[in-house]
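Data block below; observations after.
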Amino acid sequence: MKSELRKFIRGFRYAGQGIAAALQQERNLRFHVCAAAYVLAFSRFYHFTAVEYALLAVCIAGVISLELVNSAIERAVDRPDAAHWAAAGAAKDMAAGAVLAGSLGAVAVGLLLFGNPSVVRQIVQLHLAQPWRMAVLLASLAAAYGFVFRWPGKQ
């Protein structure tokens, strides 16, 4: 019984290592993580219900999960032999298409949830009225750019 529990717990460790490796090596995953952080930060300006937050969580988890699967498929079919080249390319394209479809769905949800012009104006006015907020936002954007595009690792 203890052996089975150890195997079960070890699976979580392997999953964590996979996520860490993908964050280190996959630029698109880092982009999606940063986008999720901004979505959650700006959601604080809205009065979302628990269901709306749940929808955001499902969208974020879905896009990140699709990106992880896409990365895994790309790794699995990288450098196939000549006989399997077309199938490998199609598999990679389909996996990328899955990420695109999930991302477009998440953007649609985001537009519906965040598309309140009065709240957007309020956010802009708040950041313009308090220069320190604008400075923090700009610094976070610079840090996000560095994390997404300058982070060391295989691209």
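Ordered as shown in the structure tokens, chains take letters A, B, and onward, while each chain numbers its residues from 1 and ligands are numbered from 1 in the order shown.
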| field | segment 142-144 of chain A surroundings by only C-alpha atoms, 12 Å radius, close-in-sequence under 6 positions cut, as an NGL selection string | value | :A and (27 or 30-38 or 135-136 or 150-151)
| request: For Ile123 of chain A, please output as a list in words all residues within 10 Å (counting only C-alpha atoms; exclusion window: fewer than 4 positions along the same chain). | output: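 After dropping sequence-adjacent residues, the list is Phe42, Phe45, Tyr46, Pro117, Ser118, Val119, His127, Leu128 and Ala129 of chain A.
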Residues near segment 100-109 of chain A, anyone? I mean within 12 Å using only C-alpha atoms, not counting same-chain ones fewer than 6 positions away, as an mmCIF file with N, CA, C and O atoms, in the first residue's frame.
data_model
loop_
_atom_site.group_PDB
_atom_site.id
_atom_site.type_symbol
_atom_site.label_atom_id
_atom_site.label_comp_id
_atom_site.auth_asym_id
_atom_site.auth_seq_id
_atom_site.Cartn_x
_atom_site.Cartn_y
_atom_site.Cartn_z
ATOM 1 N N ASN A 28 6.301 30.237 -25.606
ATOM 2 C CA ASN A 28 4.852 30.434 -25.680
ATOM 3 C C ASN A 28 4.171 30.131 -24.353
ATOM 4 O O ASN A 28 3.198 30.792 -23.989
ATOM 5 N N LEU A 29 4.666 29.150 -23.617
ATOM 6 C CA LEU A 29 4.091 28.867 -22.305
ATOM 7 C C LEU A 29 4.348 30.039 -21.363
ATOM 8 O O LEU A 29 3.451 30.444 -20.613
ATOM 9 N N PHE A 31 4.636 33.101 -22.223
ATOM 10 C CA PHE A 31 3.704 34.152 -22.637
ATOM 11 C C PHE A 31 2.322 33.914 -22.022
ATOM 12 O O PHE A 31 1.702 34.838 -21.481
ATOM 13 N N HIS A 32 1.830 32.691 -22.111
ATOM 14 C CA HIS A 32 0.497 32.390 -21.581
ATOM 15 C C HIS A 32 0.451 32.568 -20.064
ATOM 16 O O HIS A 32 -0.574 33.025 -19.525
ATOM 17 N N ALA A 35 0.236 36.317 -19.507
ATOM 18 C CA ALA A 35 -1.109 36.782 -19.851
ATOM 19 C C ALA A 35 -2.094 36.427 -18.742
ATOM 20 O O ALA A 35 -2.940 37.248 -18.355
ATOM 21 N N ALA A 36 -1.970 35.226 -18.209
ATOM 22 C CA ALA A 36 -2.853 34.798 -17.113
ATOM 23 C C ALA A 36 -2.660 35.687 -15.889
ATOM 24 O O ALA A 36 -3.641 36.061 -15.216
ATOM 25 N N VAL A 39 -4.436 38.944 -16.537
ATOM 26 C CA VAL A 39 -5.886 38.732 -16.469
ATOM 27 C C VAL A 39 -6.335 38.699 -15.008
ATOM 28 O O VAL A 39 -7.306 39.362 -14.628
ATOM 29 N N GLU A 52 -17.940 33.468 -12.675
ATOM 30 C CA GLU A 52 -17.085 34.165 -13.641
ATOM 31 C C GLU A 52 -15.610 33.903 -13.358
ATOM 32 O O GLU A 52 -14.815 33.693 -14.293
ATOM 33 N N TYR A 53 -15.230 33.883 -12.082
ATOM 34 C CA TYR A 53 -13.847 33.529 -11.743
ATOM 35 C C TYR A 53 -13.548 32.077 -12.114
ATOM 36 O O TYR A 53 -12.447 31.753 -12.564
ATOM 37 N N ALA A 54 -14.526 31.208 -11.928
ATOM 38 C CA ALA A 54 -14.343 29.809 -12.315
ATOM 39 C C ALA A 54 -14.128 29.706 -13.823
ATOM 40 O O ALA A 54 -13.283 28.929 -14.291
ATOM 41 N N LEU A 55 -14.882 30.484 -14.590
ATOM 42 C CA LEU A 55 -14.716 30.495 -16.045
ATOM 43 C C LEU A 55 -13.320 30.977 -16.427
ATOM 44 O O LEU A 55 -12.674 30.396 -17.312
ATOM 45 N N LEU A 56 -12.836 32.020 -15.761
ATOM 46 C CA LEU A 56 -11.462 32.484 -16.004
ATOM 47 C C LEU A 56 -10.451 31.377 -15.678
ATOM 48 O O LEU A 56 -9.511 31.143 -16.449
ATOM 49 N N ALA A 57 -10.645 30.708 -14.563
ATOM 50 C CA ALA A 57 -9.722 29.641 -14.156
ATOM 51 C C ALA A 57 -9.716 28.502 -15.175
ATOM 52 O O ALA A 57 -8.649 27.980 -15.531
ATOM 53 N N VAL A 58 -10.893 28.130 -15.667
ATOM 54 C CA VAL A 58 -10.981 27.058 -16.665
ATOM 55 C C VAL A 58 -10.283 27.484 -17.954
ATOM 56 O O VAL A 58 -9.550 26.694 -18.566
ATOM 57 N N CYS A 59 -10.496 28.722 -18.371
ATOM 58 C CA CYS A 59 -9.832 29.210 -19.585
ATOM 59 C C CYS A 59 -8.314 29.230 -19.423
ATOM 60 O O CYS A 59 -7.578 28.787 -20.311
ATOM 61 N N ILE A 60 -7.840 29.739 -18.301
ATOM 62 C CA ILE A 60 -6.396 29.806 -18.062
ATOM 63 C C ILE A 60 -5.805 28.401 -18.016
ATOM 64 O O ILE A 60 -4.806 28.106 -18.687
ATOM 65 N N ALA A 61 -6.412 27.521 -17.240
ATOM 66 C CA ALA A 61 -5.912 26.144 -17.139
ATOM 67 C C ALA A 61 -5.984 25.442 -18.487
ATOM 68 O O ALA A 61 -5.065 24.691 -18.860
ATOM 69 N N GLY A 62 -7.037 25.697 -19.243
ATOM 70 C CA GLY A 62 -7.182 25.063 -20.550
ATOM 71 C C GLY A 62 -6.098 25.480 -21.518
ATOM 72 O O GLY A 62 -5.488 24.635 -22.191
ATOM 73 N N VAL A 63 -5.831 26.770 -21.613
ATOM 74 C CA VAL A 63 -4.805 27.246 -22.543
ATOM 75 C C VAL A 63 -3.427 26.754 -22.122
ATOM 76 O O VAL A 63 -2.637 26.294 -22.957
ATOM 77 N N ILE A 64 -3.130 26.824 -20.840
ATOM 78 C CA ILE A 64 -1.816 26.354 -20.372
ATOM 79 C C ILE A 64 -1.687 24.852 -20.590
ATOM 80 O O ILE A 64 -0.629 24.366 -21.024
ATOM 81 N N SER A 65 -2.749 24.103 -20.337
ATOM 82 C CA SER A 65 -2.713 22.656 -20.577
ATOM 83 C C SER A 65 -2.494 22.353 -22.051
ATOM 84 O O SER A 65 -1.690 21.475 -22.409
ATOM 85 N N LEU A 66 -3.200 23.051 -22.920
ATOM 86 C CA LEU A 66 -3.019 22.836 -24.356
ATOM 87 C C LEU A 66 -1.588 23.170 -24.782
ATOM 88 O O LEU A 66 -1.006 22.461 -25.608
ATOM 89 N N GLU A 67 -1.030 24.217 -24.216
ATOM 90 C CA GLU A 67 0.355 24.581 -24.560
ATOM 91 C C GLU A 67 1.330 23.508 -24.090
ATOM 92 O O GLU A 67 2.292 23.178 -24.794
ATOM 93 N N ASN A 70 0.930 20.634 -26.519
ATOM 94 C CA ASN A 70 1.561 21.014 -27.775
ATOM 95 C C ASN A 70 3.080 20.852 -27.682
ATOM 96 O O ASN A 70 3.710 20.289 -28.586
ATOM 97 N N ASP A 93 1.380 20.664 -36.342
ATOM 98 C CA ASP A 93 0.455 21.711 -36.767
ATOM 99 C C ASP A 93 -0.890 21.585 -36.074
ATOM 100 O O ASP A 93 -1.498 22.580 -35.664
ATOM 101 N N MET A 94 -1.375 20.360 -35.930
ATOM 102 C CA MET A 94 -2.663 20.141 -35.265
ATOM 103 C C MET A 94 -2.589 20.526 -33.785
ATOM 104 O O MET A 94 -3.532 21.132 -33.247
ATOM 105 N N GLY A 115 -15.138 43.415 -21.114
ATOM 106 C CA GLY A 115 -15.538 44.399 -22.104
ATOM 107 C C GLY A 115 -16.415 45.520 -21.600
ATOM 108 O O GLY A 115 -17.170 46.091 -22.374
#
| said: Can you measure atom CA of Phe12 of chain A to atom CA of Leu68 of chain A for me? One decimal in Å is fine. | reply: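 Taking atom CA of Phe12 of chain A as the start and atom CA of Leu68 of chain A as the end point, the length is 15.3 Å.
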| query | DSSP says alpha helix (DSSP H) for which residues of segment 17-90 of chain A? Put them as a PyMOL selection string? | reply | chain A and resi 17-25+27-43+50-77+85-90
Skip Lys92 of chain A itself and residues of its chain fewer than 5 positions away, then list as a JSON list (two decimals) with N, CA and C atoms, in the first residue's frame all residues within 9 Å of it, counting only C-alpha atoms.
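The resulting part_32.json:
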[["chain", "number", "residue", "atom", "x", "y", "z"],
["A", 70, "ASN", "N", 0.93, 20.63, -26.52],
["A", 70, "ASN", "CA", 1.56, 21.01, -27.77],
["A", 70, "ASN", "C", 3.08, 20.85, -27.68],
["A", 71, "SER", "N", 3.66, 21.32, -26.60],
["A", 71, "SER", "CA", 5.11, 21.20, -26.41],
["A", 71, "SER", "C", 5.54, 19.74, -26.35],
["A", 73, "ILE", "N", 4.00, 17.15, -27.71],
["A", 73, "ILE", "CA", 3.89, 16.56, -29.05],
["A", 73, "ILE", "C", 5.05, 17.01, -29.92],
["A", 74, "GLU", "N", 5.40, 18.29, -29.85],
["A", 74, "GLU", "CA", 6.54, 18.78, -30.63],
["A", 74, "GLU", "C", 7.81, 18.02, -30.28],
["A", 77, "VAL", "N", 7.72, 14.28, -31.65],
["A", 77, "VAL", "CA", 7.84, 14.05, -33.09],
["A", 77, "VAL", "C", 8.97, 14.84, -33.73],
["A", 78, "ASP", "N", 9.79, 15.49, -32.93],
["A", 78, "ASP", "CA", 10.93, 16.23, -33.48],
["A", 78, "ASP", "C", 11.89, 15.29, -34.19],
["A", 87, "ALA", "N", 3.69, 13.11, -41.43],
["A", 87, "ALA", "CA", 2.82, 12.86, -40.28],
["A", 87, "ALA", "C", 3.27, 13.67, -39.06],
["A", 97, "GLY", "N", -2.66, 24.14, -33.62],
["A", 97, "GLY", "CA", -4.03, 24.57, -33.88],
["A", 97, "GLY", "C", -4.92, 24.43, -32.66]]
| field | Distance query Pro152 of chain A at most 12 Å, only C-alpha atoms, self and fewer than 4 positions along chain excluded, as number ranges by chain | value | A: 21-27, 30, 146-148
I need the chosen residues saved as a PDB file, in the first residue's frame, with N, CA, C and O atoms.
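Contents of selection.pdb, freshly written:
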ATOM      1  N   ALA A  21      10.251  22.410 -16.532  1.00  0.00           N
ATOM      2  CA  ALA A  21      11.050  22.300 -17.763  1.00  0.00           C
ATOM      3  C   ALA A  21      10.398  23.081 -18.897  1.00  0.00           C
ATOM      4  O   ALA A  21      11.084  23.772 -19.670  1.00  0.00           O
ATOM      5  N   ALA A  22       9.088  22.990 -19.014  1.00  0.00           N
ATOM      6  CA  ALA A  22       8.389  23.720 -20.076  1.00  0.00           C
ATOM      7  C   ALA A  22       8.506  25.227 -19.868  1.00  0.00           C
ATOM      8  O   ALA A  22       8.719  25.975 -20.829  1.00  0.00           O
ATOM      9  N   LEU A  23       8.394  25.694 -18.630  1.00  0.00           N
ATOM     10  CA  LEU A  23       8.571  27.126 -18.364  1.00  0.00           C
ATOM     11  C   LEU A  23       9.981  27.578 -18.739  1.00  0.00           C
ATOM     12  O   LEU A  23      10.176  28.673 -19.260  1.00  0.00           O
ATOM     13  N   GLN A  24      10.953  26.738 -18.478  1.00  0.00           N
ATOM     14  CA  GLN A  24      12.342  27.068 -18.793  1.00  0.00           C
ATOM     15  C   GLN A  24      12.571  27.108 -20.301  1.00  0.00           C
ATOM     16  O   GLN A  24      13.290  27.964 -20.795  1.00  0.00           O
ATOM     17  N   GLN A  25      11.924  26.209 -21.030  1.00  0.00           N
ATOM     18  CA  GLN A  25      12.293  26.000 -22.428  1.00  0.00           C
ATOM     19  C   GLN A  25      11.271  26.482 -23.448  1.00  0.00           C
ATOM     20  O   GLN A  25      11.596  26.559 -24.636  1.00  0.00           O
ATOM     21  N   GLU A  26      10.064  26.792 -23.054  1.00  0.00           N
ATOM     22  CA  GLU A  26       9.004  27.110 -24.015  1.00  0.00           C
ATOM     23  C   GLU A  26       8.523  28.551 -23.874  1.00  0.00           C
ATOM     24  O   GLU A  26       7.807  28.902 -22.938  1.00  0.00           O
ATOM     25  N   ARG A  27       8.909  29.381 -24.835  1.00  0.00           N
ATOM     26  CA  ARG A  27       8.555  30.804 -24.838  1.00  0.00           C
ATOM     27  C   ARG A  27       7.042  31.007 -24.815  1.00  0.00           C
ATOM     28  O   ARG A  27       6.532  31.863 -24.090  1.00  0.00           O
ATOM     29  N   ARG A  30       5.553  30.602 -21.417  1.00  0.00           N
ATOM     30  CA  ARG A  30       5.847  31.763 -20.568  1.00  0.00           C
ATOM     31  C   ARG A  30       4.923  32.931 -20.923  1.00  0.00           C
ATOM     32  O   ARG A  30       4.449  33.649 -20.048  1.00  0.00           O
ATOM     33  N   GLY A 146      11.011  40.431 -20.539  1.00  0.00           N
ATOM     34  CA  GLY A 146      12.252  39.711 -20.266  1.00  0.00           C
ATOM     35  C   GLY A 146      12.008  38.237 -19.977  1.00  0.00           C
ATOM     36  O   GLY A 146      12.739  37.367 -20.453  1.00  0.00           O
ATOM     37  N   PHE A 147      10.973  37.949 -19.215  1.00  0.00           N
ATOM     38  CA  PHE A 147      10.650  36.562 -18.876  1.00  0.00           C
ATOM     39  C   PHE A 147      10.255  35.774 -20.117  1.00  0.00           C
ATOM     40  O   PHE A 147      10.690  34.642 -20.320  1.00  0.00           O
ATOM     41  N   VAL A 148       9.446  36.376 -20.974  1.00  0.00           N
ATOM     42  CA  VAL A 148       8.961  35.666 -22.158  1.00  0.00           C
ATOM     43  C   VAL A 148      10.048  35.533 -23.214  1.00  0.00           C
ATOM     44  O   VAL A 148      10.283  34.440 -23.743  1.00  0.00           O
TER      45      VAL A 148
END
